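Quick look at structure.txt (compact mmCIF, C-alpha atoms):
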```txt
# COMPACT_ATOMS: atom_id res chain seq x y z
CA MET Y 1 133.86 30.50 88.90
CA GLN Y 2 136.62 27.89 88.62
CA TYR Y 3 135.55 25.35 86.00
CA GLN Y 4 136.75 21.80 86.43
CA SER Y 5 135.83 20.55 82.95
CA PHE Y 6 135.96 21.84 79.38
CA LEU Y 7 134.31 20.33 76.33
CA ILE Y 8 136.58 20.65 73.28
CA LYS Y 9 134.63 20.89 70.02
CA TYR Y 10 135.93 20.06 66.57
CA ALA Y 11 134.32 20.23 63.13
CA GLU Y 12 136.08 18.71 60.11
CA ILE Y 13 137.45 15.81 62.14
CA GLY Y 14 133.89 14.60 62.57
CA THR Y 15 133.64 13.85 58.84
CA LYS Y 16 136.62 11.47 58.75
CA GLY Y 17 134.65 8.25 59.16
CA LYS Y 18 136.67 5.24 60.26
CA ASN Y 19 139.87 7.33 60.32
CA ARG Y 20 138.44 9.84 62.78
CA TYR Y 21 140.28 8.32 65.74
CA ILE Y 22 143.63 9.19 64.07
CA PHE Y 23 142.67 12.85 63.92
CA GLU Y 24 141.20 12.82 67.43
CA ASP Y 25 144.39 11.31 68.83
CA ALA Y 26 146.48 13.93 66.98
CA LEU Y 27 144.26 16.67 68.40
CA MET Y 28 144.65 15.33 71.92
CA GLN Y 29 148.42 15.23 71.44
CA GLN Y 30 148.40 18.89 70.40
CA ILE Y 31 146.19 19.85 73.33
CA ARG Y 32 148.67 18.17 75.70
CA PHE Y 33 151.57 20.01 74.06
CA HIS Y 34 149.92 23.41 74.50
CA LEU Y 35 148.72 22.69 78.04
CA ASN Y 36 152.28 21.83 79.08
CA LYS Y 37 152.87 25.59 78.97
CA VAL Y 38 150.00 26.26 81.43
CA GLU Y 39 150.64 26.02 85.14
CA GLY Y 40 148.46 23.27 86.58
CA GLU Y 41 147.62 19.61 86.08
CA PHE Y 42 145.14 18.55 83.40
CA ALA Y 43 143.72 15.28 82.09
CA ILE Y 44 142.63 14.98 78.46
CA GLN Y 45 139.99 12.35 77.83
CA LYS Y 46 138.17 11.10 74.76
CA GLU Y 47 134.61 9.87 74.55
CA GLN Y 48 132.72 9.00 71.38
CA GLY Y 49 132.51 12.29 69.48
CA ARG Y 50 133.80 14.30 72.42
CA ILE Y 51 137.14 15.42 73.88
CA TYR Y 52 137.35 16.76 77.43
CA VAL Y 53 139.96 18.69 79.37
CA ASN Y 54 139.60 18.18 83.12
CA ALA Y 55 141.48 20.32 85.63
CA LYS Y 56 143.15 18.33 88.40
CA SER Y 57 144.58 21.34 90.23
CA GLU Y 58 144.30 25.10 90.49
CA TYR Y 59 144.99 26.95 87.23
CA ASP Y 60 144.70 30.35 85.56
CA TYR Y 61 141.50 30.41 83.49
CA ASP Y 62 142.63 33.07 80.99
CA GLU Y 63 145.96 31.32 80.45
CA LEU Y 64 144.21 28.01 79.84
CA ILE Y 65 141.75 29.47 77.33
CA CYS Y 66 144.55 31.31 75.51
CA ALA Y 67 146.51 28.05 75.16
CA LEU Y 68 143.51 26.09 73.89
CA GLN Y 69 142.65 28.81 71.37
CA LYS Y 70 146.01 28.19 69.67
CA VAL Y 71 145.37 24.51 69.04
CA PHE Y 72 144.57 23.89 65.38
CA GLY Y 73 141.59 21.55 65.08
CA VAL Y 74 139.71 23.07 68.03
CA THR Y 75 136.61 24.99 66.91
CA GLY Y 76 135.05 25.60 70.31
CA ILE Y 77 135.98 25.59 74.00
CA CYS Y 78 133.05 25.11 76.36
CA PRO Y 79 133.59 25.62 80.10
CA MET Y 80 131.07 23.23 81.59
CA MET Y 81 129.64 21.43 84.57
CA GLN Y 82 129.99 17.68 84.26
CA ILE Y 83 128.00 15.56 86.70
CA GLU Y 84 127.37 11.87 87.06
CA LYS Y 85 124.11 10.43 85.71
CA CYS Y 86 121.36 11.29 88.19
CA ASP Y 87 117.60 11.27 88.55
CA TYR Y 88 115.61 13.88 86.66
CA GLU Y 89 114.74 16.14 89.60
CA THR Y 90 118.40 16.32 90.63
CA LEU Y 91 119.33 17.13 87.05
CA ARG Y 92 116.87 20.04 86.95
CA ARG Y 93 118.22 21.45 90.23
CA GLU Y 94 121.84 21.13 89.10
CA VAL Y 95 121.17 22.83 85.76
CA LEU Y 96 119.34 25.74 87.38
CA ALA Y 97 122.12 26.20 89.94
CA PHE Y 98 124.69 26.23 87.11
CA VAL Y 99 122.73 28.87 85.17
CA GLN Y 100 122.44 30.98 88.32
CA ARG Y 101 126.20 30.88 88.80
CA GLU Y 102 126.90 31.61 85.12
CA HIS Y 103 124.31 34.37 84.65
CA PRO Y 104 123.55 36.25 87.86
CA GLU Y 105 121.94 39.12 85.92
CA GLN Y 106 118.14 39.11 86.07
CA ALA Y 107 117.11 40.00 82.50
CA PHE Y 108 118.20 37.88 79.55
CA SER Y 109 116.87 35.78 76.70
CA PHE Y 110 117.74 32.10 76.47
CA LYS Y 111 117.07 28.79 74.84
CA VAL Y 112 117.48 25.26 76.17
CA ARG Y 113 118.94 22.62 73.85
CA ALA Y 114 119.05 19.13 75.30
CA LYS Y 115 120.59 16.16 73.49
CA ARG Y 116 119.97 12.68 74.81
CA ALA Y 117 122.81 10.59 73.41
CA ASP Y 118 121.95 7.97 76.04
CA LYS Y 119 118.49 6.88 74.88
CA HIS Y 120 117.99 4.89 78.08
CA TYR Y 121 117.57 8.09 80.07
CA PRO Y 122 113.86 8.10 80.96
CA VAL Y 123 113.09 11.69 79.85
CA THR Y 124 113.09 12.91 76.25
CA SER Y 125 115.05 15.90 74.96
CA ASP Y 126 111.86 17.89 74.33
CA GLU Y 127 110.69 17.29 77.89
CA ILE Y 128 114.04 18.43 79.26
CA ASN Y 129 113.90 21.58 77.11
CA ALA Y 130 110.43 22.44 78.37
CA ASP Y 131 111.01 21.66 82.05
CA VAL Y 132 114.42 23.34 82.38
CA GLY Y 133 113.07 26.35 80.47
CA TYR Y 134 110.20 26.55 82.98
CA ASP Y 135 112.65 26.36 85.91
CA ILE Y 136 114.73 29.25 84.52
CA LEU Y 137 111.69 31.42 83.77
CA THR Y 138 110.44 30.83 87.31
CA ALA Y 139 113.80 31.74 88.86
CA TYR Y 140 114.24 34.74 86.55
CA PRO Y 141 110.86 36.46 86.03
CA LYS Y 142 112.44 39.12 83.80
CA SER Y 143 113.97 36.57 81.45
CA ARG Y 144 112.34 35.27 78.26
CA VAL Y 145 112.74 32.41 75.81
CA ASP Y 146 114.08 33.31 72.37
CA VAL Y 147 114.62 30.32 70.09
CA HIS Y 148 116.05 32.38 67.21
CA ASN Y 149 118.55 34.84 68.73
CA PRO Y 150 118.99 34.21 72.46
CA ASP Y 151 121.61 35.84 74.67
CA PHE Y 152 122.80 32.33 75.46
CA ILE Y 153 121.86 28.69 75.00
CA VAL Y 154 121.76 26.18 77.83
CA TYR Y 155 123.25 22.99 76.40
CA ILE Y 156 122.46 19.74 78.21
CA GLU Y 157 124.07 16.55 76.93
CA ILE Y 158 122.97 13.24 78.39
CA ARG Y 159 125.89 10.90 77.75
CA LYS Y 160 127.96 8.63 80.02
CA ASN Y 161 127.91 11.66 82.30
CA ILE Y 162 125.81 14.80 81.95
CA ASN Y 163 127.42 17.90 80.41
CA VAL Y 164 125.93 21.34 80.98
CA TYR Y 165 127.33 24.54 79.47
CA THR Y 166 126.25 27.94 78.16
CA LYS Y 167 129.49 29.29 76.65
CA ASN Y 168 131.21 28.31 73.41
CA ILE Y 169 134.52 30.16 73.07
CA ARG Y 170 135.80 30.19 69.51
CA GLY Y 171 138.92 28.15 68.75
CA ALA Y 172 141.49 28.35 65.96
CA GLY Y 173 139.73 25.82 63.72
CA GLY Y 174 141.54 23.89 61.02
CA MET Y 175 143.12 20.45 61.40
CA PRO Y 176 145.49 19.05 64.06
CA ILE Y 177 149.20 19.55 63.36
CA GLY Y 178 150.86 16.47 61.93
CA THR Y 179 147.84 15.03 60.10
CA ASN Y 180 148.85 16.38 56.67
CA GLY Y 181 152.59 15.87 56.36
CA LYS Y 182 155.39 18.43 56.61
CA ALA Y 183 156.45 21.39 54.45
CA MET Y 184 159.36 23.85 54.28
CA LEU Y 185 158.49 27.54 54.77
CA LEU Y 186 160.70 30.20 53.18
CA LEU Y 187 160.65 32.59 56.13
CA SER Y 188 161.83 36.16 55.69
CA GLY Y 189 161.56 39.02 58.13
CA GLY Y 190 158.48 40.43 56.38
CA ILE Y 191 154.77 40.38 57.06
CA ASP Y 192 153.69 37.80 54.51
CA SER Y 193 155.68 34.62 55.11
CA PRO Y 194 154.76 34.11 58.80
CA VAL Y 195 151.10 34.45 57.81
CA ALA Y 196 151.62 31.89 55.03
CA GLY Y 197 153.21 29.47 57.50
CA TYR Y 198 150.32 29.94 59.94
CA MET Y 199 147.74 29.29 57.23
CA ILE Y 200 149.34 26.07 55.99
CA ALA Y 201 149.92 24.85 59.55
CA LYS Y 202 146.22 25.42 60.19
CA ARG Y 203 145.50 22.68 57.65
CA GLY Y 204 147.42 20.17 59.78
CA VAL Y 205 150.84 20.55 58.12
CA ARG Y 206 153.94 20.43 60.32
CA ILE Y 207 156.28 23.34 59.53
CA GLU Y 208 160.02 23.63 59.10
CA ALA Y 209 161.49 26.93 57.92
CA VAL Y 210 164.51 28.27 56.05
CA TYR Y 211 165.92 31.78 56.38
CA PHE Y 212 168.53 33.18 53.97
CA HIS Y 213 170.98 35.30 55.93
CA ALA Y 214 173.45 37.66 54.23
CA PRO Y 215 176.05 38.93 56.70
CA PRO Y 216 177.45 41.56 56.91
CA TYR Y 217 174.72 43.11 54.74
CA THR Y 218 172.08 41.81 57.12
CA SER Y 219 172.67 42.09 60.85
CA GLU Y 220 172.34 39.63 63.71
CA ARG Y 221 169.28 41.65 64.73
CA ALA Y 222 167.71 40.78 61.38
CA LYS Y 223 168.34 37.09 62.04
CA GLN Y 224 166.97 37.36 65.57
CA LYS Y 225 163.86 38.99 64.14
CA VAL Y 226 163.27 35.90 61.99
CA VAL Y 227 163.91 33.61 64.97
CA ASP Y 228 161.32 35.61 66.92
CA LEU Y 229 158.83 35.27 64.05
CA ALA Y 230 159.43 31.52 63.94
CA LYS Y 231 158.71 31.36 67.68
CA LEU Y 232 155.46 33.26 67.19
CA VAL Y 233 154.36 30.87 64.42
CA ALA Y 234 155.39 27.97 66.68
CA GLN Y 235 152.81 29.08 69.25
CA TYR Y 236 150.24 27.66 66.83
CA ALA Y 237 152.25 25.24 64.68
CA GLY Y 238 154.31 23.58 67.40
CA PRO Y 239 158.14 23.54 67.45
CA VAL Y 240 159.64 24.92 64.23
CA LYS Y 241 163.05 23.73 63.02
CA LEU Y 242 164.64 26.85 61.48
CA HIS Y 243 167.43 26.37 58.94
CA VAL Y 244 169.64 29.47 58.62
CA ILE Y 245 171.52 29.55 55.30
CA ASN Y 246 174.42 31.93 54.71
CA PHE Y 247 173.52 33.33 51.28
CA THR Y 248 176.04 36.16 51.01
CA GLU Y 249 178.58 34.57 48.64
CA ILE Y 250 175.85 33.30 46.32
CA GLN Y 251 174.22 36.72 46.16
CA LEU Y 252 177.50 38.50 45.48
CA TYR Y 253 178.35 36.00 42.75
CA ILE Y 254 174.95 36.48 41.08
CA TYR Y 255 175.34 40.24 41.44
CA GLU Y 256 178.73 40.05 39.72
CA LYS Y 257 177.80 37.68 36.87
CA CYS Y 258 174.17 38.36 35.96
CA PRO Y 259 172.19 41.30 34.52
CA HIS Y 260 171.00 43.49 37.36
CA ASP Y 261 167.40 43.64 36.19
CA GLU Y 262 167.29 39.83 36.58
CA LEU Y 263 168.97 39.71 40.00
CA THR Y 264 165.82 39.25 42.05
CA ILE Y 265 164.47 36.41 39.92
CA ILE Y 266 167.78 34.54 39.74
CA MET Y 267 168.39 34.91 43.48
CA ARG Y 268 164.87 33.70 44.13
CA ARG Y 269 165.41 30.68 41.90
CA TYR Y 270 168.49 29.70 43.91
CA MET Y 271 166.63 30.18 47.16
CA MET Y 272 163.96 27.80 45.89
CA ARG Y 273 166.59 25.27 44.81
CA ILE Y 274 168.21 25.34 48.25
CA ALA Y 275 164.87 25.24 50.05
CA GLU Y 276 163.89 22.19 48.02
CA ARG Y 277 167.15 20.40 48.89
CA LEU Y 278 166.52 21.07 52.57
CA ALA Y 279 162.92 19.96 52.21
CA GLU Y 280 163.84 16.64 50.66
CA THR Y 281 166.54 16.02 53.27
CA ASN Y 282 164.05 16.69 56.07
CA ASP Y 283 161.11 14.70 54.70
CA CYS Y 284 159.10 17.74 53.66
CA ILE Y 285 156.74 17.21 50.74
CA GLY Y 286 156.21 20.81 49.71
CA LEU Y 287 157.46 24.40 49.93
CA ILE Y 288 155.54 27.37 51.37
CA THR Y 289 156.02 31.02 50.43
CA GLY Y 290 154.27 34.26 51.32
CA GLU Y 291 154.00 35.51 47.74
CA SER Y 292 150.95 37.48 46.62
CA ILE Y 293 150.27 38.15 42.95
CA GLY Y 294 151.55 41.55 41.83
CA GLN Y 295 152.74 42.72 45.24
CA VAL Y 296 156.33 43.21 44.04
CA ALA Y 297 158.22 42.61 40.79
CA SER Y 298 159.23 39.07 41.75
CA GLN Y 299 155.59 38.17 42.40
CA THR Y 300 153.99 38.81 39.03
CA MET Y 301 152.45 35.79 37.32
CA PHE Y 302 155.38 35.79 34.89
CA SER Y 303 157.94 35.89 37.70
CA LEU Y 304 156.24 33.17 39.72
CA ARG Y 305 156.16 30.89 36.68
CA THR Y 306 159.89 31.46 36.17
CA THR Y 307 160.62 30.80 39.84
CA ASP Y 308 158.55 27.61 39.94
CA GLU Y 309 160.42 26.18 36.97
CA VAL Y 310 163.31 25.10 39.24
CA CYS Y 311 161.05 23.25 41.69
CA GLY Y 312 160.10 19.60 41.62
CA LEU Y 313 158.09 19.83 44.85
CA PRO Y 314 154.75 21.64 44.93
CA VAL Y 315 154.88 25.27 46.10
CA TYR Y 316 152.02 26.38 48.35
CA ARG Y 317 151.16 30.10 48.40
CA PRO Y 318 148.20 30.54 50.76
CA VAL Y 319 148.14 34.36 50.52
CA ILE Y 320 148.44 34.42 46.73
CA GLY Y 321 145.08 36.19 46.26
CA PHE Y 322 145.21 38.43 49.34
CA ASP Y 323 145.80 42.15 49.15
CA LYS Y 324 148.30 43.67 51.57
CA GLN Y 325 145.73 44.86 54.10
CA GLU Y 326 144.20 41.39 54.36
CA ILE Y 327 147.64 39.95 55.11
CA VAL Y 328 148.32 42.72 57.65
CA ASP Y 329 144.98 42.05 59.36
CA LEU Y 330 145.80 38.36 59.75
CA SER Y 331 149.33 39.10 60.96
CA GLU Y 332 147.86 41.34 63.66
CA LYS Y 333 145.42 38.60 64.64
CA ILE Y 334 148.17 36.00 65.12
CA GLY Y 335 150.59 38.42 66.77
CA THR Y 336 153.39 38.58 64.19
CA TYR Y 337 152.81 42.07 62.79
CA GLU Y 338 154.73 44.13 65.35
CA THR Y 339 157.80 41.91 64.96
CA SER Y 340 157.54 41.86 61.15
CA ILE Y 341 157.68 45.65 60.88
CA LEU Y 342 160.87 46.02 62.91
CA PRO Y 343 163.30 47.95 60.68
CA TYR Y 344 165.90 45.27 60.01
CA GLU Y 345 166.62 44.54 56.35
CA ASP Y 346 166.56 41.04 54.88
CA CYS Y 347 168.78 39.79 52.09
CA CYS Y 348 166.16 40.32 49.39
CA THR Y 349 165.79 44.04 50.06
CA ILE Y 350 169.55 44.62 50.31
CA PHE Y 351 170.26 43.29 46.82
CA VAL Y 352 167.11 44.43 45.05
CA ALA Y 353 167.60 45.85 41.55
CA LYS Y 354 166.61 49.45 40.82
CA HIS Y 355 164.56 48.38 37.80
CA PRO Y 356 163.74 44.66 38.18
CA VAL Y 357 162.22 42.80 35.27
CA THR Y 358 158.51 42.11 35.81
CA LYS Y 359 158.00 39.79 32.82
CA PRO Y 360 161.12 37.60 32.88
CA ASN Y 361 161.83 35.43 29.89
CA LEU Y 362 162.75 31.92 31.00
CA LYS Y 363 165.22 31.40 28.18
CA SER Y 364 166.96 34.66 29.03
CA ILE Y 365 167.10 33.76 32.73
CA LYS Y 366 168.60 30.35 31.99
CA LYS Y 367 171.13 31.93 29.66
CA SER Y 368 172.16 34.36 32.41
CA GLU Y 369 172.50 31.47 34.87
CA GLU Y 370 175.01 29.88 32.51
CA HIS Y 371 177.45 32.58 33.67
CA LEU Y 372 177.32 31.04 37.15
CA LYS Y 373 178.31 27.52 36.17
CA GLU Y 374 181.91 27.75 37.26
CA LYS Y 375 181.26 28.15 41.00
CA ILE Y 376 177.55 28.11 41.80
CA GLU Y 377 177.10 24.41 42.61
CA GLU Y 378 180.06 24.47 44.97
CA MET Y 379 178.65 27.59 46.63
CA VAL Y 380 175.23 25.98 47.04
CA GLU Y 381 176.83 22.87 48.53
CA THR Y 382 178.81 25.00 50.99
CA ALA Y 383 175.73 27.00 51.97
CA VAL Y 384 173.71 23.86 52.67
CA SER Y 385 176.50 22.02 54.49
CA THR Y 386 177.18 24.98 56.79
CA GLU Y 387 173.57 25.67 57.74
CA GLU Y 388 172.75 26.70 61.28
CA VAL Y 389 169.75 24.94 62.84
CA ILE Y 390 167.71 26.72 65.51
CA TRP Y 391 164.74 25.08 67.22
CA CYS Y 392 161.99 27.64 67.84
CA SER Y 393 159.15 26.96 70.25
```
Would you encode the structure as structure tokens?
Amino acid sequence: MQYQSFLIKYAEIGTKGKNRYIFEDALMQQIRFHLNKVEGEFAIQKEQGRIYVNAKSEYDYDELICALQKVFGVTGICPMMQIEKCDYETLRREVLAFVQREHPEQAFSFKVRAKRADKHYPVTSDEINADVGYDILTAYPKSRVDVHNPDFIVYIEIRKNINVYTKNIRGAGGMPIGTNGKAMLLLSGGIDSPVAGYMIAKRGVRIEAVYFHAPPYTSERAKQKVVDLAKLVAQYAGPVKLHVINFTEIQLYIYEKCPHDELTIIMRRYMMRIAERLAETNDCIGLITGESIGQVASQTMFSLRTTDEVCGLPVYRPVIGFDKQEIVDLSEKIGTYETSILPYEDCCTIFVAKHPVTKPNLKSIKKSEEHLKEKIEEMVETAVSTEEVIWCS
């Protein structure tokens, strides 16, 4: 059947007290953004404690549901029948007709859950539960009531209008984008960083991203892979501003001047410095990385402490305690895995040391960085000033 109305459920937003309207408005804005990609005309409306999407034209149901499932802040999508306030007998007939359209099969278990937000309606919730349950049992002799584990629940909400639904399609959850500031994601071509960006965006953080490109050691295909990953993250996080930094000269200079077992750490420290400069210029209040403790040499506790030493902004690492399979599972869920495993090298893997230090000494690292003093600041300035910006959506 072609539904005309959808109830959009949220969870955490409901705990925001007097500020709840800010989060509801942000959620509605994100719903509009995602529905702009769906063919059809839709109206988004807000009622106390409820958000509705109403179809004003023909549309593709699967496409609509897919779009709504990518909106952070939405916990449930309920295709429903919405009717004007009516007398009780009409209500019972309408609810039964809706159930018959939704569930033509003859044998099922069910439960009726009525909620009378409008206390002026002359019938109580318990009476509605009992009477509608009787109507369904009469129409479906093979059905039965199961209050603990039913096949479906018939929800009836008596509000300004009457909402009736039996389906609750799971949404992405989290918080609406833009309600928790903005952060800069260090985006490589690997599996971990797109997942990290997704996870932080899910908490309402708007995402920008920086990619360190090293031509000719990394190809244009490697850069396009990162652009494609940014676009996949943008399906959930909204448009992502991708900063492409040419890192080749800096890497070669570090390779020439510093001990090779410290290359990865020192390169990582300069990536963090550059990412922080970009973050501050673009009003980001934190950095995001896909690091997981112990996954590689640069991600030991010792290495992470040494890397963080150059940062004034907080560094968020949402997959820090995940093992690789958990990260892979989430990347498959959000659709980034197949792109992440394409065989194009990034700048970190090209210049990796054969025997990288796993317990770097901060004093030793700083001493090695002294060898870079002659040119490094100029190189960093050039890299930042010649960035390429790509909008991914």
### Task
Considering only C-alpha atoms, state which residue in the set Y:Ala43, Y:Arg277, Y:Gly178, Y:Cys258 is at the smallest distance from Glu370 (chain Y).
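Result for the nearest residue to Glu370 (chain Y): Y:Cys258.
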Determine, using only C-alpha atoms, which residues of region 11-105 of chain Y have any atom at most 9 Å from an atom of region 132-153 of chain Y, and tabulate each with its shortest atom pair and distance in Å to one decimal place, rows ordered by chain and then rising number, as JSON lines.
```
{"residue": "Y:Arg92", "atom": "CA", "partner": "Y:Val132", "partner_atom": "CA", "distance": 6.1}
{"residue": "Y:Arg93", "atom": "CA", "partner": "Y:Asp135", "partner_atom": "CA", "distance": 8.6}
{"residue": "Y:Val95", "atom": "CA", "partner": "Y:Val132", "partner_atom": "CA", "distance": 7.6}
{"residue": "Y:Leu96", "atom": "CA", "partner": "Y:Ile136", "partner_atom": "CA", "distance": 6.5}
{"residue": "Y:Val99", "atom": "CA", "partner": "Y:Ile136", "partner_atom": "CA", "distance": 8.0}
{"residue": "Y:Gln100", "atom": "CA", "partner": "Y:Ala139", "partner_atom": "CA", "distance": 8.7}
{"residue": "Y:Glu105", "atom": "CA", "partner": "Y:Tyr140", "partner_atom": "CA", "distance": 8.9}
```
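Minimum distance to Asn36 (chain Y) across Y:Glu63, Y:Glu102, Y:Asp87, Y:Asp118 (counting all atoms listed in the file) occurs at Y:Glu63.
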### Task
Mind checking which residues fall within 10 Å of Lys70 (chain Y), counting only C-alpha atoms, ignoring those fewer than 2 positions away in the same chain, and posting them as number ranges by chain?
Y: 30-31, 34, 65-68, 72-74, 171-173, 202, 234-238, 334
### Task
May I have the protein, DNA and RNA residues with any atom at most 12 Å from the point (154.7, 30.2, 65.2), counting only C-alpha atoms, written as a VMD selection string?
chain Y and resid 70 to 72 185 187 193 to 202 206 to 209 226 to 242 331 334 to 336 391 to 393
Restricted to C-alpha atoms, what would the selected residues look like written as a JSON list (two decimals), in the coordinates of the input?
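New file again09.json:
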```json
[["chain", "number", "residue", "atom", "x", "y", "z"],
["Y", 70, "LYS", "CA", 146.01, 28.19, 69.67],
["Y", 71, "VAL", "CA", 145.37, 24.51, 69.04],
["Y", 72, "PHE", "CA", 144.57, 23.89, 65.38],
["Y", 185, "LEU", "CA", 158.49, 27.54, 54.77],
["Y", 187, "LEU", "CA", 160.65, 32.59, 56.13],
["Y", 193, "SER", "CA", 155.68, 34.62, 55.11],
["Y", 194, "PRO", "CA", 154.76, 34.11, 58.80],
["Y", 195, "VAL", "CA", 151.10, 34.45, 57.81],
["Y", 196, "ALA", "CA", 151.62, 31.89, 55.03],
["Y", 197, "GLY", "CA", 153.21, 29.47, 57.50],
["Y", 198, "TYR", "CA", 150.32, 29.94, 59.94],
["Y", 199, "MET", "CA", 147.74, 29.29, 57.23],
["Y", 200, "ILE", "CA", 149.34, 26.07, 55.99],
["Y", 201, "ALA", "CA", 149.92, 24.85, 59.55],
["Y", 202, "LYS", "CA", 146.22, 25.42, 60.19],
["Y", 206, "ARG", "CA", 153.94, 20.43, 60.32],
["Y", 207, "ILE", "CA", 156.28, 23.34, 59.53],
["Y", 208, "GLU", "CA", 160.02, 23.63, 59.10],
["Y", 209, "ALA", "CA", 161.49, 26.93, 57.92],
["Y", 226, "VAL", "CA", 163.27, 35.90, 61.99],
["Y", 227, "VAL", "CA", 163.91, 33.61, 64.97],
["Y", 228, "ASP", "CA", 161.32, 35.61, 66.92],
["Y", 229, "LEU", "CA", 158.83, 35.27, 64.05],
["Y", 230, "ALA", "CA", 159.43, 31.52, 63.94],
["Y", 231, "LYS", "CA", 158.71, 31.36, 67.68],
["Y", 232, "LEU", "CA", 155.46, 33.26, 67.19],
["Y", 233, "VAL", "CA", 154.36, 30.87, 64.42],
["Y", 234, "ALA", "CA", 155.39, 27.97, 66.68],
["Y", 235, "GLN", "CA", 152.81, 29.08, 69.25],
["Y", 236, "TYR", "CA", 150.24, 27.66, 66.83],
["Y", 237, "ALA", "CA", 152.25, 25.24, 64.68],
["Y", 238, "GLY", "CA", 154.31, 23.58, 67.40],
["Y", 239, "PRO", "CA", 158.14, 23.54, 67.45],
["Y", 240, "VAL", "CA", 159.64, 24.92, 64.23],
["Y", 241, "LYS", "CA", 163.05, 23.73, 63.02],
["Y", 242, "LEU", "CA", 164.64, 26.85, 61.48],
["Y", 331, "SER", "CA", 149.33, 39.10, 60.96],
["Y", 334, "ILE", "CA", 148.17, 36.00, 65.12],
["Y", 335, "GLY", "CA", 150.59, 38.42, 66.77],
["Y", 336, "THR", "CA", 153.39, 38.58, 64.19],
["Y", 391, "TRP", "CA", 164.74, 25.08, 67.22],
["Y", 392, "CYS", "CA", 161.99, 27.64, 67.84],
["Y", 393, "SER", "CA", 159.15, 26.96, 70.25]]
```
### Atom pair CA of Ile250 (chain Y) / CA of Met301 (chain Y): separation (Å)
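One can read the CA of Ile250 (chain Y) to CA of Met301 (chain Y) distance as 25.2 Å.
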### Query
Closest to Glu388 (chain Y) among Y:Ser364, Y:Asn246, Y:Asn282, Y:Gln4, using all atoms listed in the file?
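Ranked by minimum distance to Glu388 (chain Y), first place goes to Y:Asn246.
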#### Entry: Distance of CA of Ile254 (chain Y) from CA of Ala214 (chain Y), expressed in Å to one decimal place
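Pair CA of Ala214 (chain Y) / CA of Ile254 (chain Y) returns 13.3 Å.
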### Task
For Ile265 (chain Y), work out the shell of residues within 10 Å, counting all atoms listed in the file and skipping chain neighbours fewer than 2 positions away, then give it as a ChimeraX atom specification.
/Y:260-263,267-271,297-299,303-304,306-307,352,356-358,360,365
